[in-house]
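Colleague: Can you keep this structure in mind? I'll have questions shortly.
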Amino acid sequence: MTAPETLEGWFALHDLRRLDRRAWSEAPPELRHKAIAEATDLLRACEEDAEGGWSLAYAIVGHKADLLVVHLRPGVDELLALERAFDGSLLGPYLDKPYSYLSVIELSRHGLPEGTAENVAASPYVKARLFPELPELSEYVCFYPMNKKREGADNWYSLTSGERADLMRDHGRTGRRYAGKVSQIITGSMGLDDWEWGVTLFADDPLQFKKLIYEMRFDEVSARYAEFGPFFVGQRLSPSDVGSWLDG
Amino acid sequence: MTAPETLEGWFALHDLRRLDRRAWSEAPPELRHKAIAEATDLLRACEEDAEGGWSLAYAIVGHKADLLVVHLRPGVDELLALERAFDGSLLGPYLDKPYSYLSVIELSRHGLPEGTAENVAASPYVKARLFPELPELSEYVCFYPMNKKREGADNWYSLTSGERADLMRDHGRTGRRYAGKVSQIITGSMGLDDWEWGVTLFADDPLQFKKLIYEMRFDEVSARYAEFGPFFVGQRLSPSDVGSWLDG
Amino acid sequence: MTAPETLEGWFALHDLRRLDRRAWSEAPPELRHKAIAEATDLLRACEEDAEGGWSLAYAIVGHKADLLVVHLRPGVDELLALERAFDGSLLGPYLDKPYSYLSVIELSRHGLPEGTAENVAASPYVKARLFPELPELSEYVCFYPMNKKREGADNWYSLTSGERADLMRDHGRTGRRYAGKVSQIITGSMGLDDWEWGVTLFADDPLQFKKLIYEMRFDEVSARYAEFGPFFVGQRLSPSDVGSWLDG
Amino acid sequence: MTAPETLEGWFALHDLRRLDRRAWSEAPPELRHKAIAEATDLLRACEEDAEGGWSLAYAIVGHKADLLVVHLRPGVDELLALERAFDGSLLGPYLDKPYSYLSVIELSRHGLPEGTAENVAASPYVKARLFPELPELSEYVCFYPMNKKREGADNWYSLTSGERADLMRDHGRTGRRYAGKVSQIITGSMGLDDWEWGVTLFADDPLQFKKLIYEMRFDEVSARYAEFGPFFVGQRLSPSDVGSWLDG
Amino acid sequence: MTAPETLEGWFALHDLRRLDRRAWSEAPPELRHKAIAEATDLLRACEEDAEGGWSLAYAIVGHKADLLVVHLRPGVDELLALERAFDGSLLGPYLDKPYSYLSVIELSRHGLPEGTAENVAASPYVKARLFPELPELSEYVCFYPMNKKREGADNWYSLTSGERADLMRDHGRTGRRYAGKVSQIITGSMGLDDWEWGVTLFADDPLQFKKLIYEMRFDEVSARYAEFGPFFVGQRLSPSDVGSWLDG
């Protein structure tokens with residue numbers, strides 16, 4: 001099988017952290033005060049980056065993590081530097097890393113609108129997909145990694161490119177019904193992390209995550225070929241709320 | 001396949017905690033005293049919420065957790081605030097989180113009684129299912145997440161809606177034989193957590209959990225299509241018993 | 001498929017603990033002394049319970065646990081109280097919980113001897129199975145949980161009740177060849193814990209565990225339908241040996 | 001299927017330990033000194049046991065463990081006593097247990113040389129296999145547990161005894177080509193631990209482990225029926241090197 | 001099936017470490033200073049080894065590890081000594097081991113160029129593959145272990161050697177399209193570690209890892225027969241940067 005051609009944009013690091021509450025509760029008040037101020041500045045500085053890319057922080061529901069920072073940047077070196085900046089901060093030693101995900105924004109050439117494929121570099125559509133602006137509806141996030149199955153008769157990679165295109169077209173149709181409610185960033189992660197793709201959804205109403213994924217589960221491409229990793233759901237945490245979030 | 005239409009009610013957070021007994025045993029008596037009083041108040045305050053929803057606490061049997069608080073609320077933001085309230089309490093640093101589950105109460109439209117489907121909003125039946133009252137028989141709880149299989153010939157999502165409806169009808173019949181012994185809350189969690197559904201059972205006699213699940217295992221829908229996550233079983237812990245439970 | 005009818009007896013908690021040796025080695029000698037005396041009393045008190053049921057303690061081989069206490073009691077509330085009694089003891093904070101298992105003694109009606117089925121309540125055979133006496137040959141224990149498979153063509157729950165009965169009869173025949181060498185307690189755990197059954201074997205010669213399980217593996221019911229969880233093997237620890245075991 | 005008849009010899013405990021380097025680095029020099037002397041004596045004492053059996057220690061490569069002690073003894077009680085002797089030593093609290101394996105040396109009757117089967121007890125061949133001497137080429141060790149598959153059409157336990165014997169004969173032929181390079185001890189662990197068999201290989205050149213396992217992977221018995229657990233590879237650690245190994 | 005003949009070169013240890021940031025942040029400044037100097041010297045000393053082999057260090061992205069040191073050496077004893085040198089250093093107690101991988105550079109005889117097979121020992125091609133020089137494009141690394149499947153109809157080891165050779169030839173063709181962008185070291189690990197092979201890729205542009213693995217996923221040998229372990233991606237860390245990396 002020939003691999004479909006893809007375009008790649010910014011690299012993405014989903015950096016998940018868990019606060020060690022006992023150690024934090026025993027830290028000296030002055031250190032806590034300084035650590036909060038520093039973390040606030042750090043988050044603010046990386047939210048919109050003059051060099052390209054942006055970051056958004058979320059408070060994660062449940063035991064899987066306390067914090068998710070989604071970083072989008074032109075290079076892996078910049079993502080590593082951001083991770084190290086948090087590690088090396090005063091708060092760093094109180095933040096364990098329960099999970100993370102390295103991937104790169106991916107766009108399939110054969111999903112491009114008519115006329116785009118000839119001159120990809122000049123296409124505003126392509127640019128907007130590979131280097132997306134900050135999402136408008138971003139109060140809640142849902143992130144999960146996934147694979148396409150390679151099990152016996154259910155092997156995505158053994159389908160013809162036509163079969164794959166048909167299945168993906170149906171799937172895209174389901175997704176488009178959620179336009180204006182859910183926005184998404186699809187990242188590829190083969191050779192970068194343990195699953196094949198990352199899916200990051202943004203919405204102002206978290207019920208839409210459930211509605212969208214539920215509906216898509218009945219598309220043949222999900223029903224028969226999708227394997228899902230862990231799901232992380234969180235609510236927007238602005239830099240100025242870091243203090244109350246940590247000491248809340 | 002077309003996804004069946006669903007109705008959603010309150011969001012649910014199953015918040016499981018494990019007490020770090022060594023750290024707790026070394027905490028100063030005064031802090032322990034204050035922490036117990038605060039936790040008692042916190043649990044009492046969230047048990048029945050004026051804004052809608054309720055919470056119930058259980059002491060969990062075995063190594064998986066010590067405590068389960070089932071929270072039902074209108075929004076994810078309120079569940080996150082409840083989780084943070086426990087995290088930020090004096091007891092919070094002594095409570096690890098071995099598991100949690102985020103989901104939303106779900107009702108399938110085609111399972112509705114005759115005449116309901118036309119005017120769902122006005123149906124007392126629907127309202128009672130989506131925004132349930134505190135269960136009457138609630139001395140014991142059993143919670144587990146589950147999937148419907150998508151493996152080779154056993155793929156739930158490739159069945160026709162008629163086939164799925166038939167299988168669910170048989171399953172419902174088994175469940176109804178336990179009316180008056182076991183009450184249940186079914187929550188959907190696609191896009192919210194790692195499994196597709198959560199099942200929360202309440203009973204005054206925990207043997208009924210075993211009887212019900214055993215009988216259902218022989219229904220084709222379970223025998224052939226169900227995948228089960230971890231099971232958590234616990235006994236009701238009223239706010240006023242928190243102190244003796246922690247120091248017992 | 002119709003579920004086979006079952007009878008249930010005592011509930012069982014397999015409570016596995018691991019000693020935190022570094023913390024224990026650093027505990028003050030006086031505390032250790034008191035903790036040992038208290039744990040000895042606790043174990044002794046729960047070994048034979050006037051209210052019904054009994055408990056037996058074992059030193060477990062290898063990394064999975066240090067201690068297993070098998071508790072049999074009429075209710076889940078009593079098992080939870082026993083677990084909490086150990087948690088709340090002086091030794092409790094030094095004992096982590098690497099595993100546990102909640103189940104209930106189960107007897108299948110169609111495996112009953114001729115004439116028993118009509119008057120179950122009066123049958124001494126049934127009573128001896130549901131509320132067993134302390135095993136005679138109990139120097140060693142072997143505990144493991146298990147499932148019956150539900151994979152493709154190997155689905156236990158899709159067999160007819162006649163097929164299941166035939167397979168179980170052969171299996172029982174293998175087991176009976178070990179009468180006088182190995183005694184067993186079968187507990188059901190659907191709706192109570194993560195596997196479907198627990199198997200607890202007792203013997204004075206641990207080689208018989210290997211012989212029995214090895215032979216049974218070739219029975220079709222195991223070969224084709226059994227899935228096994230972790231195996232725990234231990235040697236009897238009498239209450240009076242707790243001190244030397246902890247400080248050994 | 002009838003289970004093949006087996007003979008059993010010594011029990012085996014593979015006791016894997018990981019040094020907590022931070023705690024150890026913070027232990028008082030005098031305690032470290034005493035702990036090293038005690039551990040050296042302990043290892044020396046159990047290497048060759050007057051009561052039957054022997055022990056060998058290895059430094060394990062990589063993150064899975066730091067130390068493996070292979071103990072062979074007539075009874076499980078002796079293995080448990082050896083484990084407890086290390087636990088209770090001064091070094092014990094600094095040694096976590098990442099893994100362990102309980103099994104018993106196993107010999108299949110139908111693999112015995114001509115004429116042996118009639119008088120097994122008197123056979124020097126059988127005795128040498130069930131109660132082996134210390135291996136001559138023992139500078140490196142490779143230990144792994146394994147199962148025979150029971151999946152769909154690939155079910156070892158559903159083969160006839162003739163089919164199994166043929167497959168094992170081919171496999172044995174591959175193994176014999178490594179005589180003089182690799183020696184092995186096969187232990188059975190059904191009813192004793194989580195896998196069905198343990199394989200312990202000894203060699204002076206660790207490349208031979210790779211060569212042997214690689215070649216065997218293409219035998220039908222491995223290709224189609226083998227499932228492998230974790231592999232542990234280590235280099236011989238003599239008692240007198242314990243000090244430099246711990247402080248190296 | 002006959003196993004294909006292989007040639008082996010240097011052994012490889014992929015040694016992954018995670019810094020315990022809280023303990024490190026609490027270490028006395030003088031110890032930190034000394035530990036950094038010692039670690040810098042240690043890394044520098046092992047980078048190019050006069051006795052044969054070399055080592056390269058990488059800062060790993062995400063939660064899986066902080067540091068990867070790839071060591072290539074003639075013997076397992078030398079790899080174990082290198083691991084112990086880091087363990088026993090001042091920094092050692094602050095570095096946990098989340099993963100590691102032991103393998104040996106492997107070359108298949110039937111993949112050799114025309115004319116090489118007759119006189120392997122004298123072939124510069126073979127020597128360069130078994131004992132590779134430091135990679136030129138080495139700013140980024142991608143390491144992952146993998147298996148060939150043995151599941152039902154998808155069993156690599158049941159193919160004929162001709163079928164395997166054809167599939168590998170196609171795969172090699174895909175790989176060669178990345179010459180000058182990605183260099184690779186293939187190591188075999190049967191009998192040495194938990195997967196069958198290790199793949200270590202080096203590149204100056206990490207996007208090429210994604211491009212290469214993505215394209216290869218559609219080759220039948222990957223699509224149908226490959227199983228992948230965890231992926232580790234990192235950026236070159238030169239010995240002189242250890243200090244700023246640790247305190248960054």
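In the structure tokens, the first chain shown is A, the next is B, and so on; residue numbers restart at 1 for each chain, and ligands run from 1 in the order shown.
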Skip range 139-145 of chain B itself and residues of its chain fewer than 5 positions away, then list as a ChimeraX atom specification all residues within 10 Å of it, counting only C-alpha atoms.
Modeller: /B:14,56-60,68,70,101,103,182-189,193-207,209-210,227-237 /C:76-77,191-194
Colleague: Using only C-alpha atoms, determine which residues of chain E fall within 6 Å of chain A; present them as a PDB file with N, CA, C and O atoms, in the first residue's frame.
Modeller:
```pdb
ATOM      1  N   ARG E  21      13.168  15.345  40.822  1.00  0.00           N
ATOM      2  CA  ARG E  21      13.429  16.792  40.920  1.00  0.00           C
ATOM      3  C   ARG E  21      13.269  17.320  42.344  1.00  0.00           C
ATOM      4  O   ARG E  21      13.939  18.271  42.723  1.00  0.00           O
ATOM      5  N   ARG E  22      12.373  16.717  43.120  1.00  0.00           N
ATOM      6  CA  ARG E  22      12.213  17.248  44.471  1.00  0.00           C
ATOM      7  C   ARG E  22      13.440  16.926  45.326  1.00  0.00           C
ATOM      8  O   ARG E  22      13.976  17.796  46.011  1.00  0.00           O
ATOM      9  N   VAL E  61      11.987  13.983  25.513  1.00  0.00           N
ATOM     10  CA  VAL E  61      10.772  14.795  25.601  1.00  0.00           C
ATOM     11  C   VAL E  61       9.704  14.043  26.393  1.00  0.00           C
ATOM     12  O   VAL E  61       9.489  12.857  26.159  1.00  0.00           O
ATOM     13  N   GLY E  62       9.028  14.749  27.312  1.00  0.00           N
ATOM     14  CA  GLY E  62       7.839  14.180  27.943  1.00  0.00           C
ATOM     15  C   GLY E  62       8.099  13.393  29.208  1.00  0.00           C
ATOM     16  O   GLY E  62       9.195  13.436  29.779  1.00  0.00           O
ATOM     17  N   HIS E  63       7.052  12.661  29.634  1.00  0.00           N
ATOM     18  CA  HIS E  63       7.058  12.052  30.964  1.00  0.00           C
ATOM     19  C   HIS E  63       7.803  10.733  31.044  1.00  0.00           C
ATOM     20  O   HIS E  63       8.040  10.221  32.141  1.00  0.00           O
ATOM     21  N   PHE E 209      11.520  11.422  11.469  1.00  0.00           N
ATOM     22  CA  PHE E 209      11.097  10.197  12.180  1.00  0.00           C
ATOM     23  C   PHE E 209       9.635   9.897  11.848  1.00  0.00           C
ATOM     24  O   PHE E 209       9.257   8.779  11.550  1.00  0.00           O
ATOM     25  N   LYS E 210       8.834  10.940  11.922  1.00  0.00           N
ATOM     26  CA  LYS E 210       7.400  10.773  11.672  1.00  0.00           C
ATOM     27  C   LYS E 210       7.167  10.353  10.213  1.00  0.00           C
ATOM     28  O   LYS E 210       6.395   9.442   9.934  1.00  0.00           O
ATOM     29  N   ILE E 213       8.411   6.593   9.664  1.00  0.00           N
ATOM     30  CA  ILE E 213       7.582   5.561  10.306  1.00  0.00           C
ATOM     31  C   ILE E 213       6.189   5.540   9.686  1.00  0.00           C
ATOM     32  O   ILE E 213       5.596   4.480   9.494  1.00  0.00           O
ATOM     33  N   TYR E 214       5.682   6.711   9.351  1.00  0.00           N
ATOM     34  CA  TYR E 214       4.358   6.798   8.730  1.00  0.00           C
ATOM     35  C   TYR E 214       4.346   6.040   7.403  1.00  0.00           C
ATOM     36  O   TYR E 214       3.462   5.232   7.141  1.00  0.00           O
ATOM     37  N   GLU E 215       5.372   6.306   6.598  1.00  0.00           N
ATOM     38  CA  GLU E 215       5.422   5.661   5.290  1.00  0.00           C
ATOM     39  C   GLU E 215       5.565   4.148   5.433  1.00  0.00           C
ATOM     40  O   GLU E 215       4.904   3.365   4.747  1.00  0.00           O
ATOM     41  N   PHE E 218       2.609   1.529   6.096  1.00  0.00           N
ATOM     42  CA  PHE E 218       1.788   1.000   5.010  1.00  0.00           C
ATOM     43  C   PHE E 218       2.468  -0.145   4.260  1.00  0.00           C
ATOM     44  O   PHE E 218       1.861  -0.775   3.414  1.00  0.00           O
ATOM     45  N   ALA E 223       2.320  -3.185   8.392  1.00  0.00           N
ATOM     46  CA  ALA E 223       0.863  -3.157   8.464  1.00  0.00           C
ATOM     47  C   ALA E 223       0.329  -4.446   9.087  1.00  0.00           C
ATOM     48  O   ALA E 223      -0.576  -4.424   9.919  1.00  0.00           O
ATOM     49  N   PRO E 230       7.069   1.155  23.428  1.00  0.00           N
ATOM     50  CA  PRO E 230       7.083   2.604  23.641  1.00  0.00           C
ATOM     51  C   PRO E 230       8.107   3.311  22.750  1.00  0.00           C
ATOM     52  O   PRO E 230       9.145   2.749  22.422  1.00  0.00           O
ATOM     53  N   PHE E 231       7.775   4.552  22.355  1.00  0.00           N
ATOM     54  CA  PHE E 231       8.684   5.388  21.556  1.00  0.00           C
ATOM     55  C   PHE E 231       9.304   6.457  22.462  1.00  0.00           C
ATOM     56  O   PHE E 231       8.581   7.126  23.203  1.00  0.00           O
ATOM     57  N   GLY E 248      18.560  23.659  34.904  1.00  0.00           N
ATOM     58  CA  GLY E 248      17.742  24.520  34.019  1.00  0.00           C
ATOM     59  C   GLY E 248      16.335  24.649  34.546  1.00  0.00           C
ATOM     60  O   GLY E 248      15.425  25.098  33.884  1.00  0.00           O
TER      61      GLY E 248
END
```
Colleague: Find the residues around range 40-44 of chain D up to 10 Å (only C-alpha atoms counted), leave out those fewer than 3 positions away in its own chain, and share them as a list in words.
Modeller: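 Close residues of range 40-44 of chain D: Lys34, Ala35, Ile36, Ala37, Glu47, Glu48, Asp49, Ser55, Leu56, Ala57, Val69, Leu82, Ala85, Phe86, Ser89, Leu237, Ser238, Pro239, Ser240, Asp241, Val242 and Gly243 of chain D.
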Colleague: Selected residues, all heavy atoms, written as a short mmCIF file (atom, residue, chain, number, x, y, z; two decimals), in the first residue's frame, please.
Modeller:
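Okay, this is what ended up in out23.cif:
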```cif
data_model
loop_
_atom_site.label_atom_id
_atom_site.label_comp_id
_atom_site.auth_asym_id
_atom_site.auth_seq_id
_atom_site.Cartn_x
_atom_site.Cartn_y
_atom_site.Cartn_z
N LYS D 34 28.18 -2.87 58.16
CA LYS D 34 27.63 -4.08 58.78
C LYS D 34 26.69 -4.82 57.82
O LYS D 34 26.67 -6.04 57.77
CB LYS D 34 26.84 -3.72 60.04
CG LYS D 34 27.69 -3.52 61.29
CD LYS D 34 26.77 -3.37 62.51
CE LYS D 34 27.54 -2.85 63.71
NZ LYS D 34 26.64 -2.49 64.81
N ALA D 35 25.88 -4.04 57.10
CA ALA D 35 24.90 -4.65 56.19
C ALA D 35 25.61 -5.42 55.08
O ALA D 35 25.18 -6.51 54.68
CB ALA D 35 23.99 -3.57 55.59
N ILE D 36 26.71 -4.85 54.58
CA ILE D 36 27.46 -5.53 53.53
C ILE D 36 28.07 -6.83 54.05
O ILE D 36 28.01 -7.88 53.39
CB ILE D 36 28.56 -4.59 52.98
CG1 ILE D 36 27.91 -3.49 52.11
CG2 ILE D 36 29.59 -5.36 52.16
CD1 ILE D 36 28.87 -2.38 51.69
N ALA D 37 28.63 -6.77 55.24
CA ALA D 37 29.24 -7.98 55.82
C ALA D 37 28.19 -9.07 56.03
O ALA D 37 28.40 -10.24 55.69
CB ALA D 37 29.92 -7.63 57.14
N GLU D 47 24.73 -20.31 49.18
CA GLU D 47 25.19 -20.74 47.86
C GLU D 47 25.17 -22.25 47.71
O GLU D 47 24.65 -22.79 46.74
CB GLU D 47 26.58 -20.19 47.57
CG GLU D 47 26.55 -18.74 47.12
CD GLU D 47 27.58 -18.46 46.05
OE1 GLU D 47 28.62 -19.12 46.03
OE2 GLU D 47 27.31 -17.56 45.22
N GLU D 48 25.76 -22.95 48.68
CA GLU D 48 25.67 -24.41 48.61
C GLU D 48 25.15 -24.88 49.95
O GLU D 48 25.76 -24.63 50.99
CB GLU D 48 27.01 -25.05 48.27
CG GLU D 48 26.83 -26.47 47.74
CD GLU D 48 27.85 -26.80 46.64
OE1 GLU D 48 28.62 -25.91 46.23
OE2 GLU D 48 27.88 -27.96 46.21
N ASP D 49 24.03 -25.56 49.92
CA ASP D 49 23.32 -25.86 51.14
C ASP D 49 23.52 -27.33 51.48
O ASP D 49 23.27 -28.21 50.66
CB ASP D 49 21.84 -25.55 50.94
CG ASP D 49 21.09 -25.47 52.25
OD1 ASP D 49 21.31 -26.35 53.11
OD2 ASP D 49 20.29 -24.54 52.41
N SER D 55 22.18 -21.90 45.67
CA SER D 55 21.73 -20.56 45.29
C SER D 55 22.84 -19.89 44.49
O SER D 55 24.02 -20.18 44.73
CB SER D 55 21.43 -19.70 46.53
OG SER D 55 20.50 -20.35 47.37
N LEU D 56 22.45 -19.03 43.56
CA LEU D 56 23.43 -18.26 42.79
C LEU D 56 22.93 -16.83 42.64
O LEU D 56 21.75 -16.62 42.35
CB LEU D 56 23.63 -18.86 41.39
CG LEU D 56 24.60 -20.04 41.24
CD1 LEU D 56 24.63 -20.51 39.79
CD2 LEU D 56 26.00 -19.67 41.69
N ALA D 57 23.83 -15.86 42.81
CA ALA D 57 23.43 -14.45 42.71
C ALA D 57 23.96 -13.82 41.43
O ALA D 57 25.07 -14.14 40.98
CB ALA D 57 23.97 -13.68 43.92
N VAL D 69 18.67 -13.52 42.90
CA VAL D 69 19.22 -14.72 43.54
C VAL D 69 18.32 -15.89 43.15
O VAL D 69 17.12 -15.87 43.40
CB VAL D 69 19.32 -14.60 45.08
CG1 VAL D 69 20.11 -15.79 45.63
CG2 VAL D 69 19.98 -13.30 45.48
N LEU D 82 14.46 -18.44 53.22
CA LEU D 82 15.56 -17.70 52.59
C LEU D 82 15.12 -16.28 52.23
O LEU D 82 15.86 -15.31 52.44
CB LEU D 82 16.04 -18.43 51.33
CG LEU D 82 16.86 -19.70 51.58
CD1 LEU D 82 17.02 -20.50 50.30
CD2 LEU D 82 18.23 -19.32 52.15
N ALA D 85 15.04 -14.33 55.31
CA ALA D 85 16.37 -14.03 55.84
C ALA D 85 16.93 -12.77 55.18
O ALA D 85 17.51 -11.91 55.85
CB ALA D 85 17.31 -15.22 55.62
N PHE D 86 16.72 -12.62 53.86
CA PHE D 86 17.17 -11.39 53.20
C PHE D 86 16.32 -10.20 53.64
O PHE D 86 16.85 -9.12 53.91
CB PHE D 86 17.15 -11.55 51.68
CG PHE D 86 18.33 -12.30 51.15
CD1 PHE D 86 18.31 -13.68 51.03
CD2 PHE D 86 19.49 -11.63 50.82
CE1 PHE D 86 19.42 -14.39 50.57
CE2 PHE D 86 20.62 -12.32 50.36
CZ PHE D 86 20.57 -13.71 50.24
N SER D 89 17.39 -8.99 57.05
CA SER D 89 18.78 -8.57 57.23
C SER D 89 18.86 -7.04 57.27
O SER D 89 17.89 -6.35 56.97
CB SER D 89 19.63 -9.10 56.08
OG SER D 89 19.38 -8.36 54.90
N LEU D 237 27.43 -12.59 40.39
CA LEU D 237 27.91 -11.74 41.48
C LEU D 237 28.32 -12.67 42.61
O LEU D 237 27.46 -13.28 43.26
CB LEU D 237 26.78 -10.81 41.93
CG LEU D 237 27.14 -9.80 43.01
CD1 LEU D 237 28.03 -8.69 42.47
CD2 LEU D 237 25.86 -9.19 43.59
N SER D 238 29.60 -12.78 42.87
CA SER D 238 30.03 -13.69 43.94
C SER D 238 29.87 -12.96 45.27
O SER D 238 29.90 -11.73 45.33
CB SER D 238 31.47 -14.13 43.73
OG SER D 238 32.33 -13.06 44.05
N PRO D 239 29.66 -13.70 46.35
CA PRO D 239 29.43 -13.08 47.66
C PRO D 239 30.48 -12.03 48.00
O PRO D 239 30.16 -10.97 48.54
CB PRO D 239 29.48 -14.27 48.62
CG PRO D 239 29.02 -15.43 47.81
CD PRO D 239 29.56 -15.19 46.44
N SER D 240 31.74 -12.29 47.64
CA SER D 240 32.79 -11.36 48.02
C SER D 240 32.71 -10.05 47.23
O SER D 240 33.39 -9.07 47.58
CB SER D 240 34.16 -12.01 47.83
OG SER D 240 34.27 -12.47 46.49
N ASP D 241 31.90 -10.01 46.18
CA ASP D 241 31.78 -8.77 45.39
C ASP D 241 30.58 -7.93 45.79
O ASP D 241 30.34 -6.87 45.20
CB ASP D 241 31.67 -9.10 43.89
CG ASP D 241 33.00 -9.60 43.34
OD1 ASP D 241 34.04 -9.31 43.95
OD2 ASP D 241 32.97 -10.29 42.30
N VAL D 242 29.81 -8.40 46.77
CA VAL D 242 28.59 -7.68 47.16
C VAL D 242 28.93 -6.26 47.62
O VAL D 242 28.25 -5.29 47.26
CB VAL D 242 27.83 -8.44 48.27
CG1 VAL D 242 26.80 -7.55 48.94
CG2 VAL D 242 27.16 -9.66 47.67
N GLY D 243 30.02 -6.12 48.37
CA GLY D 243 30.40 -4.81 48.88
C GLY D 243 30.68 -3.82 47.76
O GLY D 243 30.13 -2.72 47.73
#
```
Colleague: Rounded to one decimal in Å, what is the spacing between CA of Glu163 in chain B and CA of Ile105 in chain B?
Modeller: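 We find that CA of Glu163 in chain B and CA of Ile105 in chain B lie 23.6 Å from each other.
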Colleague: Enumerate the residues of range 46-237 of chain D with a DSSP assignment of alpha helix (DSSP H), computed from the backbone, and present them as a VMD selection string.
Modeller: chain D and resid 46 to 47 76 to 87 124 to 130 161 to 176 207 to 217 220 to 225
